[in-house]
Amino acid sequence: MHRLITIAISHYCEKVRWALELAGEPYQESAHLPLLHWGYSLTAGAGRTVPALVTKEGEVLGDSTDILLWLDRRHPQLGLYGSDDAQRQEIAALEDLLDEKLGPATRRWGYFHLLPDKALTLRYASQGVPPTELLIMKASFPLARRLLRRGLGIDAAGTERSVVRMREILALLSEKLSDGRLFLAGNQLTTADLTFAALASPLLQPPEHPLPFPPLDQLPGAMRAEVEAARATLAGQHGLKLYREHRRKAPAQPS
Ligand SMILES: N[C@@H](CCC(=O)N[C@@H](CS)C(=O)NCC(=O)O)C(=O)O
């Protein structure tokens with residue numbers, strides 16, 4: 001079976017879980033807390049970032065896009081990158097935009113609002129991770145929080161820029177969807193849709209996400225307001241619908 005090394009709450013890891021499950025590739029998830037994942041990803045021969053997939057054939061893939069391209073080669077019938085060269089280019093460009101711009105923005109915005117609340121952060125982030133990691137993180141939380149804030153540039157000014165970026169991308173995709181199309185590119189679910197839905201998931205908080213989000217009324221007011229505004233956009237509704245109609249429920253095997 002393939003082994004998928006993750007930070008449980010990482011939306012790039014969710015992108016890959018979704019694609020693996022869509023392709024029906026059985027895998028075992030090795031889920032971790034941020035920072036504590038390094039020991040696993042580096043030991044596997046991947047880099048510092050996850051997702052990292054160690055395939056059952058022994059190949060190591062340390063980037064979500066590389067994993068989706070690998071899946072596309074194994075399952076061309078899924079049409080993850082469309083059905084012709086023009087669609088492939090359009091989908092790859094959308095994936096790149098979302099990976100480079102939306103993913104970092106929703107992550108920074110999410111951490112900015114969650115990190116001040118240790119109990120809420122740990123309750124949410126520790127789902128599915130080894131209990132010892134939770135103990136380590138509880139004991140070292142102030143240090144871990146400082147490292148995350150420094151590493152990801154999590155401050156008020158950066159978060160404001162991320163909010164602008166999230167809204168710009170939702171507006172761009174809403175404009176695309178305003179012609180009534182059912183999917184972002186072509187006439188079926190592709191990498192563009194699942195990348196959008198997964199990387200927007202911290203913002204849209206879809207009920208079908210495999211890791212339940214904290215209830216909306218437990219979130220800080222500014223965060224809740226942004227979630228509600230995003231959900232009301234055409235792109236937000238598309239992301240929620242993708243989860244409702246296309247996210248297979250089968251959870252990964254615990255490690
Ligand atoms: N381009 C990478 C980005 C993945 C990424 O940024 N992962 C984050 C978690 S959301 C990570 O592992 N960060 C840990 C670190 O930077 O040490 C991909 O698509 O896989």
# chains A, B, ... in the order shown; residues from 1 in each chain; ligands from 1
call {"tool": "residues_near_ligand", "arguments": {"ligand": "ligand 1", "cutoff": "8 Å", "atoms": "only C-alpha atoms and all ligand atoms", "output": "list of chain:residue names"}}
result
A:Thr6, A:Ile7, A:Ile9, A:Ser10, A:His11, A:Tyr12, A:Cys13, A:Pro34, A:Leu35, A:His37, A:Trp38, A:Arg48, A:Thr49, A:Val50, A:Pro51, A:Ala52, A:Gly62, A:Asp63, A:Ser64, A:Thr65, A:Asp66, A:Asp99, A:Glu100, A:Gly103, A:Pro104, A:Arg107, A:Gly151, A:Leu152
call {"tool": "write_last_selection", "arguments": {"atoms": "N, CA and C atoms", "output": "PDB file, in the first residue's frame"}}
result
ATOM      1  N   THR A   6       1.636  13.229   6.002  1.00  0.00           N
ATOM      2  CA  THR A   6       0.894  14.499   5.976  1.00  0.00           C
ATOM      3  C   THR A   6       1.077  15.296   7.271  1.00  0.00           C
ATOM      4  N   ILE A   7       0.759  16.587   7.143  1.00  0.00           N
ATOM      5  CA  ILE A   7       0.326  17.369   8.302  1.00  0.00           C
ATOM      6  C   ILE A   7      -1.197  17.230   8.221  1.00  0.00           C
ATOM      7  N   ILE A   9      -3.847  18.680   9.081  1.00  0.00           N
ATOM      8  CA  ILE A   9      -4.747  19.782   8.689  1.00  0.00           C
ATOM      9  C   ILE A   9      -4.284  20.508   7.424  1.00  0.00           C
ATOM     10  N   SER A  10      -3.193  20.047   6.815  1.00  0.00           N
ATOM     11  CA  SER A  10      -2.707  20.753   5.626  1.00  0.00           C
ATOM     12  C   SER A  10      -3.672  20.573   4.453  1.00  0.00           C
ATOM     13  N   HIS A  11      -4.007  21.698   3.825  1.00  0.00           N
ATOM     14  CA  HIS A  11      -4.933  21.616   2.687  1.00  0.00           C
ATOM     15  C   HIS A  11      -4.253  21.069   1.432  1.00  0.00           C
ATOM     16  N   TYR A  12      -2.899  21.164   1.329  1.00  0.00           N
ATOM     17  CA  TYR A  12      -2.218  20.512   0.203  1.00  0.00           C
ATOM     18  C   TYR A  12      -2.304  18.987   0.387  1.00  0.00           C
ATOM     19  N   CYS A  13      -2.282  18.545   1.635  1.00  0.00           N
ATOM     20  CA  CYS A  13      -2.415  17.099   1.896  1.00  0.00           C
ATOM     21  C   CYS A  13      -3.833  16.646   1.589  1.00  0.00           C
ATOM     22  N   PRO A  34       2.148  20.046  12.551  1.00  0.00           N
ATOM     23  CA  PRO A  34       3.160  20.827  11.847  1.00  0.00           C
ATOM     24  C   PRO A  34       4.461  20.847  12.647  1.00  0.00           C
ATOM     25  N   LEU A  35       5.568  20.907  11.985  1.00  0.00           N
ATOM     26  CA  LEU A  35       6.936  20.886  12.534  1.00  0.00           C
ATOM     27  C   LEU A  35       7.342  19.463  12.931  1.00  0.00           C
ATOM     28  N   HIS A  37       6.244  16.904  11.667  1.00  0.00           N
ATOM     29  CA  HIS A  37       6.201  16.050  10.462  1.00  0.00           C
ATOM     30  C   HIS A  37       7.587  15.896   9.843  1.00  0.00           C
ATOM     31  N   TRP A  38       8.506  16.834  10.173  1.00  0.00           N
ATOM     32  CA  TRP A  38       9.813  16.835   9.495  1.00  0.00           C
ATOM     33  C   TRP A  38      10.529  15.497   9.604  1.00  0.00           C
ATOM     34  N   ARG A  48      11.135  19.066   3.254  1.00  0.00           N
ATOM     35  CA  ARG A  48      10.539  19.520   4.512  1.00  0.00           C
ATOM     36  C   ARG A  48       9.024  19.618   4.406  1.00  0.00           C
ATOM     37  N   THR A  49       8.532  19.766   3.175  1.00  0.00           N
ATOM     38  CA  THR A  49       7.092  19.997   3.052  1.00  0.00           C
ATOM     39  C   THR A  49       6.348  18.698   2.741  1.00  0.00           C
ATOM     40  N   VAL A  50       5.115  18.676   3.168  1.00  0.00           N
ATOM     41  CA  VAL A  50       4.216  17.563   2.848  1.00  0.00           C
ATOM     42  C   VAL A  50       3.020  18.153   2.100  1.00  0.00           C
ATOM     43  N   PRO A  51       2.328  17.327   1.339  1.00  0.00           N
ATOM     44  CA  PRO A  51       2.325  15.867   1.295  1.00  0.00           C
ATOM     45  C   PRO A  51       3.600  15.273   0.704  1.00  0.00           C
ATOM     46  N   ALA A  52       3.943  14.068   1.229  1.00  0.00           N
ATOM     47  CA  ALA A  52       4.982  13.243   0.617  1.00  0.00           C
ATOM     48  C   ALA A  52       4.393  11.845   0.471  1.00  0.00           C
ATOM     49  N   GLY A  62       7.367  14.308  -3.427  1.00  0.00           N
ATOM     50  CA  GLY A  62       7.255  15.263  -2.324  1.00  0.00           C
ATOM     51  C   GLY A  62       6.527  16.538  -2.673  1.00  0.00           C
ATOM     52  N   ASP A  63       5.626  16.484  -3.635  1.00  0.00           N
ATOM     53  CA  ASP A  63       4.895  17.698  -4.009  1.00  0.00           C
ATOM     54  C   ASP A  63       3.519  17.294  -4.514  1.00  0.00           C
ATOM     55  N   SER A  64       2.491  18.061  -4.125  1.00  0.00           N
ATOM     56  CA  SER A  64       1.127  17.648  -4.464  1.00  0.00           C
ATOM     57  C   SER A  64       0.918  17.553  -5.978  1.00  0.00           C
ATOM     58  N   THR A  65       1.498  18.494  -6.719  1.00  0.00           N
ATOM     59  CA  THR A  65       1.299  18.467  -8.178  1.00  0.00           C
ATOM     60  C   THR A  65       1.989  17.246  -8.783  1.00  0.00           C
ATOM     61  N   ASP A  66       3.189  16.922  -8.293  1.00  0.00           N
ATOM     62  CA  ASP A  66       3.871  15.725  -8.799  1.00  0.00           C
ATOM     63  C   ASP A  66       3.029  14.476  -8.521  1.00  0.00           C
ATOM     64  N   ASP A  99      -2.128  26.718  -6.284  1.00  0.00           N
ATOM     65  CA  ASP A  99      -1.039  26.239  -5.407  1.00  0.00           C
ATOM     66  C   ASP A  99      -0.176  27.405  -4.920  1.00  0.00           C
ATOM     67  N   GLU A 100       0.111  28.322  -5.841  1.00  0.00           N
ATOM     68  CA  GLU A 100       1.052  29.393  -5.492  1.00  0.00           C
ATOM     69  C   GLU A 100       0.399  30.545  -4.751  1.00  0.00           C
ATOM     70  N   GLY A 103      -3.387  28.743  -1.841  1.00  0.00           N
ATOM     71  CA  GLY A 103      -2.965  27.886  -0.722  1.00  0.00           C
ATOM     72  C   GLY A 103      -2.242  28.667   0.375  1.00  0.00           C
ATOM     73  N   PRO A 104      -1.200  29.431   0.029  1.00  0.00           N
ATOM     74  CA  PRO A 104      -0.511  30.199   1.071  1.00  0.00           C
ATOM     75  C   PRO A 104      -1.433  31.222   1.758  1.00  0.00           C
ATOM     76  N   ARG A 107      -3.914  29.496   4.186  1.00  0.00           N
ATOM     77  CA  ARG A 107      -3.151  28.946   5.323  1.00  0.00           C
ATOM     78  C   ARG A 107      -2.768  30.070   6.303  1.00  0.00           C
ATOM     79  N   GLY A 151       8.017  31.438  10.326  1.00  0.00           N
ATOM     80  CA  GLY A 151       8.216  30.690   9.080  1.00  0.00           C
ATOM     81  C   GLY A 151       7.209  31.055   8.002  1.00  0.00           C
ATOM     82  N   LEU A 152       5.986  31.329   8.411  1.00  0.00           N
ATOM     83  CA  LEU A 152       4.932  31.580   7.416  1.00  0.00           C
ATOM     84  C   LEU A 152       4.567  33.068   7.324  1.00  0.00           C
TER      85      LEU A 152
END
call {"tool": "residues_around", "arguments": {"residues": "Pro210 of chain A", "least_positions_apart": "3", "cutoff": "12 Å", "atoms": "only C-alpha atoms", "output": "PyMOL selection string"}}
result
chain A and resi 8-11+13-15+17-18+21+124+127-128+198+201+205-207+213+243-244+247-252
call {"tool": "select_by_dssp", "arguments": {"residues": "segment 32-255 of chain A", "states": "strand (DSSP E or B)", "output": "ChimeraX atom specification"}}
result
/A:32,52-54,60-61,253-254
call {"tool": "atom_distance", "arguments": {"atom1": "atom CA of Ala235 of chain A", "atom2": "atom CA of Leu170 of chain A"}}
result
5.6 Å
call {"tool": "atom_distance", "arguments": {"atom1": "atom CA of Leu189 of chain A", "atom2": "atom CA of Leu234 of chain A"}}
result
16.7 Å
call {"tool": "select_by_dssp", "arguments": {"residues": "segment 78-227 of chain A", "states": "helix (DSSP H, G or I)", "output": "PyMOL selection string"}}
result
chain A and resi 78+85-114+118-125+131-139+141-152+156-177+191-199+201-204+216-218+221-227
call {"tool": "residues_around", "arguments": {"residues": "Ala93 of chain A", "least_positions_apart": "5", "cutoff": "12 Å", "atoms": "only C-alpha atoms", "output": "number ranges by chain"}}
result
A: 65, 81, 86-88, 98-101, 184-185, 191-192, 195
call {"tool": "closest_residue", "arguments": {"among": "A:Glu59, A:Asp117, A:Glu175, A:Glu25", "to": "Pro220 of chain A", "atoms": "only C-alpha atoms"}}
result
A:Asp117
call {"tool": "residues_around", "arguments": {"residues": "Ala200 of chain A", "least_positions_apart": "2", "cutoff": "8 Å", "atoms": "only C-alpha atoms", "output": "ChimeraX atom specification"}}
result
/A:11,102-103,106,196-198,202-204,239
call {"tool": "closest_residue", "arguments": {"among": "A:Thr233, A:Ser126, A:Thr55, A:Thr121", "to": "Glu168 of chain A", "atoms": "only C-alpha atoms"}}
result
A:Thr233
call {"tool": "atom_distance", "arguments": {"atom1": "atom CA of Leu173 of chain A", "atom2": "atom CA of Leu94 of chain A"}}
result
9.8 Å
call {"tool": "closest_residue", "arguments": {"among": "A:Pro142, A:Gly79, A:Gly153, A:Gly45", "to": "Leu115 of chain A", "atoms": "only C-alpha atoms"}}
result
A:Pro142
call {"tool": "closest_residue", "arguments": {"among": "A:Arg181, A:Arg167, A:His113, A:His246", "to": "Arg224 of chain A", "atoms": "only C-alpha atoms"}}
result
A:His113
call {"tool": "closest_residue", "arguments": {"among": "A:Leu53, A:Leu71, A:Ala139, A:Leu242", "to": "Leu194 of chain A", "atoms": "only C-alpha atoms"}}
result
A:Leu242
